[in-house]
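Next up, protein-v8.pdb (PDB, C-alpha atoms):
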ATOM      1  CA  MET A   1       0.000   0.000   0.000  1.00  0.00           C
ATOM      2  CA  ILE A   2       2.821   2.426   0.829  1.00  0.00           C
ATOM      3  CA  ARG A   3       4.271   1.902  -2.633  1.00  0.00           C
ATOM      4  CA  THR A   4       1.061   3.086  -4.320  1.00  0.00           C
ATOM      5  CA  PHE A   5       2.092   6.630  -3.386  1.00  0.00           C
ATOM      6  CA  SER A   6       4.578   8.265  -5.741  1.00  0.00           C
ATOM      7  CA  ALA A   7       5.611  11.558  -7.291  1.00  0.00           C
ATOM      8  CA  GLU A   8       2.791  11.091  -9.797  1.00  0.00           C
ATOM      9  CA  ARG A   9       0.292  10.143  -7.068  1.00  0.00           C
ATOM     10  CA  PRO A  10       1.333  11.881  -3.816  1.00  0.00           C
ATOM     11  CA  ALA A  11      -2.263  12.119  -2.547  1.00  0.00           C
ATOM     12  CA  GLN A  12      -5.029   9.618  -3.253  1.00  0.00           C
ATOM     13  CA  PRO A  13      -8.588   8.803  -2.213  1.00  0.00           C
ATOM     14  CA  LEU A  14      -9.246   5.435  -0.620  1.00  0.00           C
ATOM     15  CA  SER A  15     -10.675   3.947  -3.809  1.00  0.00           C
ATOM     16  CA  GLU A  16      -7.463   4.645  -5.783  1.00  0.00           C
ATOM     17  CA  VAL A  17      -5.241   3.318  -3.007  1.00  0.00           C
ATOM     18  CA  ALA A  18      -7.295   0.120  -2.786  1.00  0.00           C
ATOM     19  CA  GLU A  19      -7.255  -0.422  -6.548  1.00  0.00           C
ATOM     20  CA  ALA A  20      -3.511   0.250  -6.910  1.00  0.00           C
ATOM     21  CA  ALA A  21      -2.672  -2.022  -3.961  1.00  0.00           C
ATOM     22  CA  GLY A  22      -4.980  -4.799  -5.136  1.00  0.00           C
ATOM     23  CA  LEU A  23      -7.040  -4.657  -1.939  1.00  0.00           C
ATOM     24  CA  SER A  24     -10.773  -4.747  -1.465  1.00  0.00           C
ATOM     25  CA  ARG A  25     -12.611  -1.619  -0.334  1.00  0.00           C
ATOM     26  CA  ALA A  26     -13.306  -3.434   2.897  1.00  0.00           C
ATOM     27  CA  GLY A  27      -9.685  -4.373   3.526  1.00  0.00           C
ATOM     28  CA  ALA A  28      -8.012  -1.127   2.439  1.00  0.00           C
ATOM     29  CA  PRO A  29      -9.448   1.084   5.236  1.00  0.00           C
ATOM     30  CA  ARG A  30      -8.085  -1.262   7.912  1.00  0.00           C
ATOM     31  CA  VAL A  31      -4.582  -1.058   6.465  1.00  0.00           C
ATOM     32  CA  LEU A  32      -4.755   2.707   6.018  1.00  0.00           C
ATOM     33  CA  LEU A  33      -6.023   3.219   9.557  1.00  0.00           C
ATOM     34  CA  THR A  34      -3.165   1.088  10.877  1.00  0.00           C
ATOM     35  CA  LEU A  35      -0.625   3.151   8.906  1.00  0.00           C
ATOM     36  CA  ALA A  36      -2.285   6.355  10.100  1.00  0.00           C
ATOM     37  CA  GLY A  37      -2.198   5.152  13.709  1.00  0.00           C
ATOM     38  CA  LEU A  38       1.534   4.489  13.343  1.00  0.00           C
ATOM     39  CA  GLY A  39       2.017   7.960  11.878  1.00  0.00           C
ATOM     40  CA  TYR A  40       3.046   6.913   8.373  1.00  0.00           C
ATOM     41  CA  VAL A  41      -0.091   8.228   6.628  1.00  0.00           C
ATOM     42  CA  SER A  42      -2.179  11.336   7.138  1.00  0.00           C
ATOM     43  CA  SER A  43      -5.612  12.201   5.811  1.00  0.00           C
ATOM     44  CA  GLU A  44      -7.349  15.370   4.745  1.00  0.00           C
ATOM     45  CA  GLY A  45     -10.986  14.437   4.462  1.00  0.00           C
ATOM     46  CA  ARG A  46     -11.072  11.513   2.046  1.00  0.00           C
ATOM     47  CA  ILE A  47      -7.566  12.123   0.663  1.00  0.00           C
ATOM     48  CA  PHE A  48      -4.553  10.237   2.027  1.00  0.00           C
ATOM     49  CA  ARG A  49      -0.847  10.989   1.748  1.00  0.00           C
ATOM     50  CA  LEU A  50       2.402   9.717   3.263  1.00  0.00           C
ATOM     51  CA  THR A  51       4.045  11.599   6.122  1.00  0.00           C
ATOM     52  CA  PRO A  52       7.762  12.325   6.624  1.00  0.00           C
ATOM     53  CA  LYS A  53       7.834   9.559   9.237  1.00  0.00           C
ATOM     54  CA  ILE A  54       7.962   7.049   6.389  1.00  0.00           C
ATOM     55  CA  LEU A  55      11.611   8.082   5.994  1.00  0.00           C
ATOM     56  CA  ASP A  56      12.335   6.400   9.338  1.00  0.00           C
ATOM     57  CA  LEU A  57      11.808   3.048   7.630  1.00  0.00           C
ATOM     58  CA  CYS A  58      14.236   3.956   4.843  1.00  0.00           C
ATOM     59  CA  PHE A  59      16.876   5.224   7.249  1.00  0.00           C
ATOM     60  CA  ALA A  60      16.545   2.129   9.429  1.00  0.00           C
ATOM     61  CA  TYR A  61      17.221  -0.073   6.409  1.00  0.00           C
ATOM     62  CA  LEU A  62      20.122   2.006   5.104  1.00  0.00           C
ATOM     63  CA  THR A  63      21.886   2.171   8.448  1.00  0.00           C
ATOM     64  CA  SER A  64      21.527  -1.601   8.796  1.00  0.00           C
ATOM     65  CA  LEU A  65      23.547  -2.162   5.599  1.00  0.00           C
ATOM     66  CA  PRO A  66      27.044  -3.368   6.481  1.00  0.00           C
ATOM     67  CA  PHE A  67      28.770  -1.134   3.962  1.00  0.00           C
ATOM     68  CA  TRP A  68      26.703   2.060   4.386  1.00  0.00           C
ATOM     69  CA  ASN A  69      29.006   4.055   6.672  1.00  0.00           C
ATOM     70  CA  LEU A  70      32.113   2.627   5.024  1.00  0.00           C
ATOM     71  CA  ALA A  71      31.075   3.285   1.425  1.00  0.00           C
ATOM     72  CA  GLU A  72      29.731   6.817   1.663  1.00  0.00           C
ATOM     73  CA  PRO A  73      33.013   8.681   2.322  1.00  0.00           C
ATOM     74  CA  VAL A  74      34.873   6.546  -0.227  1.00  0.00           C
ATOM     75  CA  ILE A  75      32.305   7.303  -2.929  1.00  0.00           C
ATOM     76  CA  GLU A  76      32.401  11.000  -2.036  1.00  0.00           C
ATOM     77  CA  GLU A  77      36.194  10.946  -2.476  1.00  0.00           C
ATOM     78  CA  LEU A  78      35.768   9.211  -5.845  1.00  0.00           C
ATOM     79  CA  VAL A  79      33.357  11.894  -7.064  1.00  0.00           C
ATOM     80  CA  GLN A  80      35.796  14.633  -6.024  1.00  0.00           C
ATOM     81  CA  GLN A  81      38.537  12.838  -7.929  1.00  0.00           C
ATOM     82  CA  ILE A  82      36.761  12.098 -11.216  1.00  0.00           C
ATOM     83  CA  HIS A  83      33.983  14.745 -11.210  1.00  0.00           C
ATOM     84  CA  GLU A  84      31.293  12.316 -12.345  1.00  0.00           C
ATOM     85  CA  ILE A  85      28.171  10.942 -10.651  1.00  0.00           C
ATOM     86  CA  CYS A  86      28.792   7.847  -8.519  1.00  0.00           C
ATOM     87  CA  SER A  87      26.259   5.539  -6.899  1.00  0.00           C
ATOM     88  CA  ALA A  88      25.853   2.266  -5.030  1.00  0.00           C
ATOM     89  CA  SER A  89      22.966  -0.169  -5.234  1.00  0.00           C
ATOM     90  CA  VAL A  90      21.742  -3.555  -4.057  1.00  0.00           C
ATOM     91  CA  LEU A  91      19.660  -6.194  -5.822  1.00  0.00           C
ATOM     92  CA  ASP A  92      15.978  -6.544  -4.956  1.00  0.00           C
ATOM     93  CA  GLY A  93      14.186  -9.103  -7.087  1.00  0.00           C
ATOM     94  CA  THR A  94      14.555  -8.048 -10.708  1.00  0.00           C
ATOM     95  CA  ASP A  95      15.606  -4.487  -9.853  1.00  0.00           C
ATOM     96  CA  ILE A  96      18.529  -2.601  -8.447  1.00  0.00           C
ATOM     97  CA  VAL A  97      17.732  -0.164  -5.647  1.00  0.00           C
ATOM     98  CA  TYR A  98      19.923   2.898  -5.136  1.00  0.00           C
ATOM     99  CA  VAL A  99      21.236   3.132  -1.582  1.00  0.00           C
ATOM    100  CA  LEU A 100      23.901   5.815  -2.168  1.00  0.00           C
ATOM    101  CA  ARG A 101      24.176   8.477  -4.839  1.00  0.00           C
ATOM    102  CA  VAL A 102      26.691  11.316  -4.927  1.00  0.00           C
ATOM    103  CA  PRO A 103      26.041  13.835  -7.720  1.00  0.00           C
ATOM    104  CA  THR A 104      28.219  16.469  -9.365  1.00  0.00           C
ATOM    105  CA  HIS A 105      27.272  19.835 -10.778  1.00  0.00           C
ATOM    106  CA  LYS A 106      26.704  18.183 -14.151  1.00  0.00           C
ATOM    107  CA  ILE A 107      23.174  17.618 -15.403  1.00  0.00           C
ATOM    108  CA  ILE A 108      22.264  14.117 -16.523  1.00  0.00           C
ATOM    109  CA  ALA A 109      18.971  13.225 -18.176  1.00  0.00           C
ATOM    110  CA  ILE A 110      17.874  10.428 -15.872  1.00  0.00           C
ATOM    111  CA  ASN A 111      16.774  11.659 -12.447  1.00  0.00           C
ATOM    112  CA  LEU A 112      17.681   9.200  -9.689  1.00  0.00           C
ATOM    113  CA  SER A 113      17.937   9.347  -5.917  1.00  0.00           C
ATOM    114  CA  ILE A 114      18.230   6.987  -2.952  1.00  0.00           C
ATOM    115  CA  GLY A 115      15.427   4.444  -3.204  1.00  0.00           C
ATOM    116  CA  SER A 116      15.112   4.697  -6.981  1.00  0.00           C
ATOM    117  CA  ARG A 117      14.676   1.379  -8.768  1.00  0.00           C
ATOM    118  CA  LEU A 118      15.886   0.345 -12.205  1.00  0.00           C
ATOM    119  CA  PRO A 119      15.770  -3.009 -14.019  1.00  0.00           C
ATOM    120  CA  ALA A 120      18.897  -5.023 -13.322  1.00  0.00           C
ATOM    121  CA  TYR A 121      19.252  -6.607 -16.767  1.00  0.00           C
ATOM    122  CA  CYS A 122      20.053  -3.361 -18.610  1.00  0.00           C
ATOM    123  CA  THR A 123      22.128  -1.499 -16.003  1.00  0.00           C
ATOM    124  CA  SER A 124      25.819  -1.905 -15.234  1.00  0.00           C
ATOM    125  CA  MET A 125      25.283  -2.246 -11.487  1.00  0.00           C
ATOM    126  CA  GLY A 126      22.519  -4.740 -12.177  1.00  0.00           C
ATOM    127  CA  ARG A 127      24.785  -6.916 -14.275  1.00  0.00           C
ATOM    128  CA  VAL A 128      27.479  -6.849 -11.599  1.00  0.00           C
ATOM    129  CA  LEU A 129      24.914  -7.924  -9.000  1.00  0.00           C
ATOM    130  CA  LEU A 130      23.414 -10.572 -11.290  1.00  0.00           C
ATOM    131  CA  SER A 131      26.882 -11.996 -11.922  1.00  0.00           C
ATOM    132  CA  GLY A 132      26.981 -13.049  -8.279  1.00  0.00           C
ATOM    133  CA  LEU A 133      23.865 -15.240  -8.556  1.00  0.00           C
ATOM    134  CA  ALA A 134      23.815 -18.988  -9.043  1.00  0.00           C
ATOM    135  CA  PRO A 135      22.709 -20.038 -12.580  1.00  0.00           C
ATOM    136  CA  GLU A 136      19.259 -21.145 -11.409  1.00  0.00           C
ATOM    137  CA  ALA A 137      18.653 -17.888  -9.539  1.00  0.00           C
ATOM    138  CA  LEU A 138      19.817 -15.866 -12.558  1.00  0.00           C
ATOM    139  CA  ASP A 139      17.410 -17.756 -14.831  1.00  0.00           C
ATOM    140  CA  GLN A 140      14.558 -16.958 -12.452  1.00  0.00           C
ATOM    141  CA  VAL A 141      15.398 -13.259 -12.324  1.00  0.00           C
ATOM    142  CA  LEU A 142      15.653 -12.953 -16.098  1.00  0.00           C
ATOM    143  CA  SER A 143      12.404 -14.860 -16.620  1.00  0.00           C
ATOM    144  CA  ARG A 144      10.591 -12.364 -14.377  1.00  0.00           C
ATOM    145  CA  SER A 145      12.296  -9.252 -15.742  1.00  0.00           C
ATOM    146  CA  GLY A 146       9.955  -8.400 -18.593  1.00  0.00           C
ATOM    147  CA  LEU A 147      12.870  -7.852 -20.958  1.00  0.00           C
ATOM    148  CA  ARG A 148      12.195  -4.966 -23.311  1.00  0.00           C
ATOM    149  CA  LYS A 149      14.200  -2.607 -25.453  1.00  0.00           C
ATOM    150  CA  ASN A 150      14.634   0.806 -23.845  1.00  0.00           C
ATOM    151  CA  THR A 151      16.856   1.864 -26.738  1.00  0.00           C
ATOM    152  CA  GLY A 152      18.071   0.252 -29.938  1.00  0.00           C
ATOM    153  CA  ARG A 153      21.119  -1.006 -28.027  1.00  0.00           C
ATOM    154  CA  THR A 154      19.315  -2.822 -25.204  1.00  0.00           C
ATOM    155  CA  ILE A 155      20.109  -6.540 -25.014  1.00  0.00           C
ATOM    156  CA  VAL A 156      16.913  -8.510 -24.440  1.00  0.00           C
ATOM    157  CA  ASP A 157      17.848 -11.998 -25.659  1.00  0.00           C
ATOM    158  CA  PRO A 158      18.179 -14.172 -22.497  1.00  0.00           C
ATOM    159  CA  GLY A 159      21.046 -16.225 -23.904  1.00  0.00           C
ATOM    160  CA  GLN A 160      23.018 -13.142 -24.891  1.00  0.00           C
ATOM    161  CA  LEU A 161      22.303 -11.527 -21.536  1.00  0.00           C
ATOM    162  CA  LYS A 162      23.567 -14.577 -19.657  1.00  0.00           C
ATOM    163  CA  ALA A 163      26.753 -14.529 -21.735  1.00  0.00           C
ATOM    164  CA  VAL A 164      27.301 -10.828 -20.973  1.00  0.00           C
ATOM    165  CA  ILE A 165      26.620 -11.372 -17.266  1.00  0.00           C
ATOM    166  CA  ALA A 166      29.041 -14.325 -17.195  1.00  0.00           C
ATOM    167  CA  GLU A 167      31.707 -12.118 -18.778  1.00  0.00           C
ATOM    168  CA  THR A 168      30.944  -9.459 -16.181  1.00  0.00           C
ATOM    169  CA  GLY A 169      31.636 -12.006 -13.458  1.00  0.00           C
ATOM    170  CA  ARG A 170      34.934 -13.058 -15.047  1.00  0.00           C
ATOM    171  CA  GLN A 171      36.142  -9.482 -15.516  1.00  0.00           C
ATOM    172  CA  GLY A 172      34.825  -8.100 -12.238  1.00  0.00           C
ATOM    173  CA  LEU A 173      33.291  -5.092 -13.977  1.00  0.00           C
ATOM    174  CA  ALA A 174      30.435  -4.097 -16.282  1.00  0.00           C
ATOM    175  CA  ILE A 175      30.016  -1.286 -18.765  1.00  0.00           C
ATOM    176  CA  VAL A 176      26.627  -0.517 -20.289  1.00  0.00           C
ATOM    177  CA  ASN A 177      26.524   1.789 -23.282  1.00  0.00           C
ATOM    178  CA  GLN A 178      23.143   3.482 -23.777  1.00  0.00           C
ATOM    179  CA  GLU A 179      21.029   0.403 -23.059  1.00  0.00           C
ATOM    180  CA  LEU A 180      18.959   2.032 -20.320  1.00  0.00           C
ATOM    181  CA  GLU A 181      18.718   5.485 -21.877  1.00  0.00           C
ATOM    182  CA  GLU A 182      20.139   7.189 -24.953  1.00  0.00           C
ATOM    183  CA  GLY A 183      23.276   9.123 -24.080  1.00  0.00           C
ATOM    184  CA  LEU A 184      23.924   7.370 -20.752  1.00  0.00           C
ATOM    185  CA  ILE A 185      27.029   5.228 -20.195  1.00  0.00           C
ATOM    186  CA  SER A 186      27.672   3.481 -16.902  1.00  0.00           C
ATOM    187  CA  LEU A 187      30.680   1.600 -15.540  1.00  0.00           C
ATOM    188  CA  SER A 188      30.344  -0.606 -12.424  1.00  0.00           C
ATOM    189  CA  ALA A 189      32.364  -2.748 -10.044  1.00  0.00           C
ATOM    190  CA  PRO A 190      31.338  -5.116  -7.230  1.00  0.00           C
ATOM    191  CA  ILE A 191      31.466  -4.588  -3.476  1.00  0.00           C
ATOM    192  CA  ARG A 192      32.127  -7.869  -1.668  1.00  0.00           C
ATOM    193  CA  ASP A 193      31.779  -9.044   1.902  1.00  0.00           C
ATOM    194  CA  ARG A 194      34.514 -10.913   3.774  1.00  0.00           C
ATOM    195  CA  SER A 195      33.504 -14.206   2.157  1.00  0.00           C
ATOM    196  CA  GLY A 196      33.852 -12.728  -1.337  1.00  0.00           C
ATOM    197  CA  ARG A 197      30.108 -12.625  -1.968  1.00  0.00           C
ATOM    198  CA  ILE A 198      28.858  -9.651  -4.010  1.00  0.00           C
ATOM    199  CA  ILE A 199      26.561  -7.672  -1.709  1.00  0.00           C
ATOM    200  CA  ALA A 200      26.407  -4.379  -3.635  1.00  0.00           C
ATOM    201  CA  ALA A 201      27.700  -2.617  -6.713  1.00  0.00           C
ATOM    202  CA  MET A 202      29.031   0.883  -7.307  1.00  0.00           C
ATOM    203  CA  ASN A 203      29.195   2.796 -10.532  1.00  0.00           C
ATOM    204  CA  VAL A 204      30.352   5.849 -12.410  1.00  0.00           C
ATOM    205  CA  SER A 205      27.859   7.421 -14.826  1.00  0.00           C
ATOM    206  CA  GLY A 206      28.813   9.532 -17.816  1.00  0.00           C
ATOM    207  CA  GLN A 207      27.369  10.982 -20.983  1.00  0.00           C
ATOM    208  CA  ALA A 208      28.071   9.551 -24.414  1.00  0.00           C
ATOM    209  CA  ASN A 209      28.598  13.001 -25.896  1.00  0.00           C
ATOM    210  CA  SER A 210      31.573  13.584 -23.587  1.00  0.00           C
ATOM    211  CA  SER A 211      32.958  10.088 -22.866  1.00  0.00           C
ATOM    212  CA  SER A 212      33.097   6.968 -25.025  1.00  0.00           C
ATOM    213  CA  PRO A 213      33.090   3.526 -23.405  1.00  0.00           C
ATOM    214  CA  ARG A 214      36.807   3.212 -24.179  1.00  0.00           C
ATOM    215  CA  GLN A 215      37.548   6.587 -22.575  1.00  0.00           C
ATOM    216  CA  MET A 216      35.528   5.677 -19.498  1.00  0.00           C
ATOM    217  CA  LEU A 217      37.415   2.417 -19.103  1.00  0.00           C
ATOM    218  CA  LYS A 218      40.756   4.195 -19.441  1.00  0.00           C
ATOM    219  CA  THR A 219      39.941   7.165 -17.207  1.00  0.00           C
ATOM    220  CA  PHE A 220      37.470   5.907 -14.623  1.00  0.00           C
ATOM    221  CA  LEU A 221      38.067   2.169 -14.253  1.00  0.00           C
ATOM    222  CA  PRO A 222      41.277   2.368 -12.177  1.00  0.00           C
ATOM    223  CA  PRO A 223      39.859   4.766  -9.530  1.00  0.00           C
ATOM    224  CA  LEU A 224      36.527   2.896  -9.511  1.00  0.00           C
ATOM    225  CA  LEU A 225      38.214  -0.454  -8.889  1.00  0.00           C
ATOM    226  CA  GLU A 226      40.456   1.088  -6.245  1.00  0.00           C
ATOM    227  CA  SER A 227      37.424   2.509  -4.445  1.00  0.00           C
ATOM    228  CA  SER A 228      35.391  -0.702  -4.616  1.00  0.00           C
ATOM    229  CA  SER A 229      38.409  -2.670  -3.367  1.00  0.00           C
ATOM    230  CA  ARG A 230      38.843  -0.263  -0.447  1.00  0.00           C
ATOM    231  CA  ILE A 231      35.226  -0.697   0.609  1.00  0.00           C
ATOM    232  CA  SER A 232      35.429  -4.482   0.253  1.00  0.00           C
ATOM    233  CA  ALA A 233      38.643  -4.565   2.283  1.00  0.00           C
ATOM    234  CA  MET A 234      37.057  -2.482   5.041  1.00  0.00           C
ATOM    235  CA  LEU A 235      34.084  -4.841   5.090  1.00  0.00           C
ATOM    236  CA  GLY A 236      36.488  -7.716   5.518  1.00  0.00           C
ATOM    237  CA  ARG A 237      37.922  -6.061   8.620  1.00  0.00           C
ATOM    238  CA  ALA A 238      34.545  -4.954  10.024  1.00  0.00           C
TER     239      ALA A 238
END

Write the structure described by the file as structure tokens, please.
Amino acid sequence: MIRTFSAERPAQPLSEVAEAAGLSRAGAPRVLLTLAGLGYVSSEGRIFRLTPKILDLCFAYLTSLPFWNLAEPVIEELVQQIHEICSASVLDGTDIVYVLRVPTHKIIAINLSIGSRLPAYCTSMGRVLLSGLAPEALDQVLSRSGLRKNTGRTIVDPGQLKAVIAETGRQGLAIVNQELEEGLISLSAPIRDRSGRIIAAMNVSGQANSSSPRQMLKTFLPPLLESSSRISAMLGRA
């Protein structure tokens, strides 16, 4: 029910909330009243909206992540060094969810923030995270992903995707050239826990009109890998 509220639908009547959440009109009021009693929802007449208290849930999750406090200053240093947007994400089902994002003064077309979700199959961080899955789990994720072409470059063939993801795992990096959005190039590396398991990914985002994939690999890959290795090493000592 909480997820029915968005930038497009910040305030909704009960009927819209019930329909979007797939609840009956009898069941929806009980859930809304519970959320209101906990302080997560407020009402103005028949219109409901989320309250700032909902951020407590987000902050509780973020601060529970093992790499949160370790990764943030490292990613901030990376942004100061390369002057490009850097982010970190985790895998949730078929999507990546942004848990850190450090911008620059540059404007980039796609507007993302902490909590934003993107499909894993066509993003560099997604492919890094998918490369850490067992073959059966990867097949399940891809089968549920609703593969579609966002641009003319988007890979949607499952066999080709699995080959690209396998190569990502071998190389320990992923670069995606305008598969999510025209003009957007992204380079990613894994963050690993002490057992070597991939628990997150971090990336550098650039624009195709200023950086080619080859230029990004030459300029940004060394500092990106150094930063991801630092975070992984700190996790190993934590």

request  = Tell me which protein, DNA and RNA residues are within 8 Å of A:Gln207, counting only C-alpha atoms, leaving out same-chain ones fewer than 4 positions away, and put them as a ChimeraX atom specification.
outcome  = /A:108,183-185,211

Reference answer for the PyMOL selection byres ((chain A and resi 112-117) around 7), as a PDB file with C-alpha atoms, keeping the file's coordinate frame:
ATOM      1  CA  ASP A  95      15.606  -4.487  -9.853  1.00  0.00           C
ATOM      2  CA  ILE A  96      18.529  -2.601  -8.447  1.00  0.00           C
ATOM      3  CA  VAL A  97      17.732  -0.164  -5.647  1.00  0.00           C
ATOM      4  CA  TYR A  98      19.923   2.898  -5.136  1.00  0.00           C
ATOM      5  CA  VAL A  99      21.236   3.132  -1.582  1.00  0.00           C
ATOM      6  CA  LEU A 100      23.901   5.815  -2.168  1.00  0.00           C
ATOM      7  CA  ARG A 101      24.176   8.477  -4.839  1.00  0.00           C
ATOM      8  CA  ILE A 110      17.874  10.428 -15.872  1.00  0.00           C
ATOM      9  CA  ASN A 111      16.774  11.659 -12.447  1.00  0.00           C
ATOM     10  CA  LEU A 118      15.886   0.345 -12.205  1.00  0.00           C
ATOM     11  CA  PRO A 119      15.770  -3.009 -14.019  1.00  0.00           C
TER      12      PRO A 119
END

key: For A:Pro10: contacts at 9 Å, only C-alpha atoms, fewer than 6 positions along chain excluded, given as a PyMOL selection string   = chain A and resi 4+48-50

Limited to C-alpha atoms, could you put the picked residues into a file as a compact mmCIF listing (two decimals), in the coordinates of the input?
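Result file follows (selection.txt):
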# COMPACT_ATOMS: atom_id res chain seq x y z
CA THR A 4 1.06 3.09 -4.32
CA PHE A 48 -4.55 10.24 2.03
CA ARG A 49 -0.85 10.99 1.75
CA LEU A 50 2.40 9.72 3.26

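With only C-alpha atoms as the basis for measurement, A:Asp92 is the residue among A:Glu72, A:Asp92, A:Glu226, A:Glu19 that approaches A:Ala120 most closely.
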
Nearest to A:Val204 by atom-to-atom distance, counting only C-alpha atoms, from A:Ala137, A:Cys122, A:Leu221, A:Ala36 = A:Leu221

Expected selection from the PyMOL selection byres ((chain A and resi 236) around 8), given as a PyMOL selection string = chain A and resi 193-195+232-235+237-238

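Minimum atom-to-atom distances from A:Leu129, A:Met1, A:Ala28, A:Val74 to A:Pro190 were compared using all atoms listed in the file, and the lowest value belongs to A:Leu129.
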
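Residue selection for this entry, given the PyMOL selection byres ((chain A and resi 144-156) around 9), comprises Gly93, Thr94, Asp95, Pro119, Ala120, Tyr121, Cys122, Asp139, Gln140, Val141, Leu142, Ser143, Asp157, Pro158, Gly159, Gln160, Leu161, Asn177, Gln178, Glu179, Leu180, Glu181 and Glu182 of chain A.
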
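Using all atoms listed in the file, the residues found no farther than 8 Å from A:Ile85, other than those of its own chain fewer than 4 positions away, are Val79, Arg101, Val102, Pro103, Thr104, Val204, Ser205 and Gly206 of chain A.
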
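Between A:Val17 and the candidates A:Ile47, A:Ala163, A:Leu130, A:Ala201, the tightest atom-to-atom separation, counting all atoms listed in the file, involves A:Ile47.
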
As a compact mmCIF listing (two decimals), keeping the file's coordinate frame, the rebuilt stretch 163-180 of chain A with N, CA and C atoms:
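Result went into rebuild38.txt, see below:
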# COMPACT_ATOMS: atom_id res chain seq x y z
N ALA A 163 25.35 -14.54 -21.31
CA ALA A 163 26.75 -14.53 -21.74
C ALA A 163 27.44 -13.24 -21.28
N VAL A 164 26.74 -12.11 -21.41
CA VAL A 164 27.30 -10.83 -20.97
C VAL A 164 27.49 -10.81 -19.46
N ILE A 165 26.53 -11.35 -18.73
CA ILE A 165 26.62 -11.37 -17.27
C ILE A 165 27.75 -12.29 -16.82
N ALA A 166 27.93 -13.42 -17.52
CA ALA A 166 29.04 -14.32 -17.20
C ALA A 166 30.37 -13.63 -17.43
N GLU A 167 30.48 -12.87 -18.51
CA GLU A 167 31.71 -12.12 -18.78
C GLU A 167 31.94 -11.05 -17.72
N THR A 168 30.85 -10.43 -17.28
CA THR A 168 30.94 -9.46 -16.18
C THR A 168 31.56 -10.10 -14.94
N GLY A 169 31.10 -11.31 -14.61
CA GLY A 169 31.64 -12.01 -13.46
C GLY A 169 33.11 -12.33 -13.61
N ARG A 170 33.53 -12.72 -14.83
CA ARG A 170 34.93 -13.06 -15.05
C ARG A 170 35.82 -11.83 -14.95
N GLN A 171 35.34 -10.70 -15.49
CA GLN A 171 36.14 -9.48 -15.52
C GLN A 171 36.07 -8.69 -14.22
N GLY A 172 35.00 -8.89 -13.45
CA GLY A 172 34.83 -8.10 -12.24
C GLY A 172 34.43 -6.67 -12.51
N LEU A 173 33.77 -6.43 -13.63
CA LEU A 173 33.29 -5.09 -13.98
C LEU A 173 32.23 -5.21 -15.06
N ALA A 174 31.44 -4.15 -15.22
CA ALA A 174 30.44 -4.10 -16.28
C ALA A 174 30.38 -2.69 -16.83
N ILE A 175 30.25 -2.58 -18.14
CA ILE A 175 30.02 -1.29 -18.76
C ILE A 175 28.80 -1.42 -19.67
N VAL A 176 27.87 -0.51 -19.50
CA VAL A 176 26.63 -0.52 -20.29
C VAL A 176 26.55 0.78 -21.07
N ASN A 177 26.48 0.64 -22.38
CA ASN A 177 26.52 1.79 -23.28
C ASN A 177 25.15 2.06 -23.87
N GLN A 178 24.42 2.98 -23.26
CA GLN A 178 23.14 3.48 -23.78
C GLN A 178 22.09 2.38 -23.95
N GLU A 179 22.06 1.43 -23.03
CA GLU A 179 21.03 0.40 -23.06
C GLU A 179 19.83 0.77 -22.20
N LEU A 180 20.06 1.57 -21.16
CA LEU A 180 18.96 2.03 -20.32
C LEU A 180 18.34 3.29 -20.90
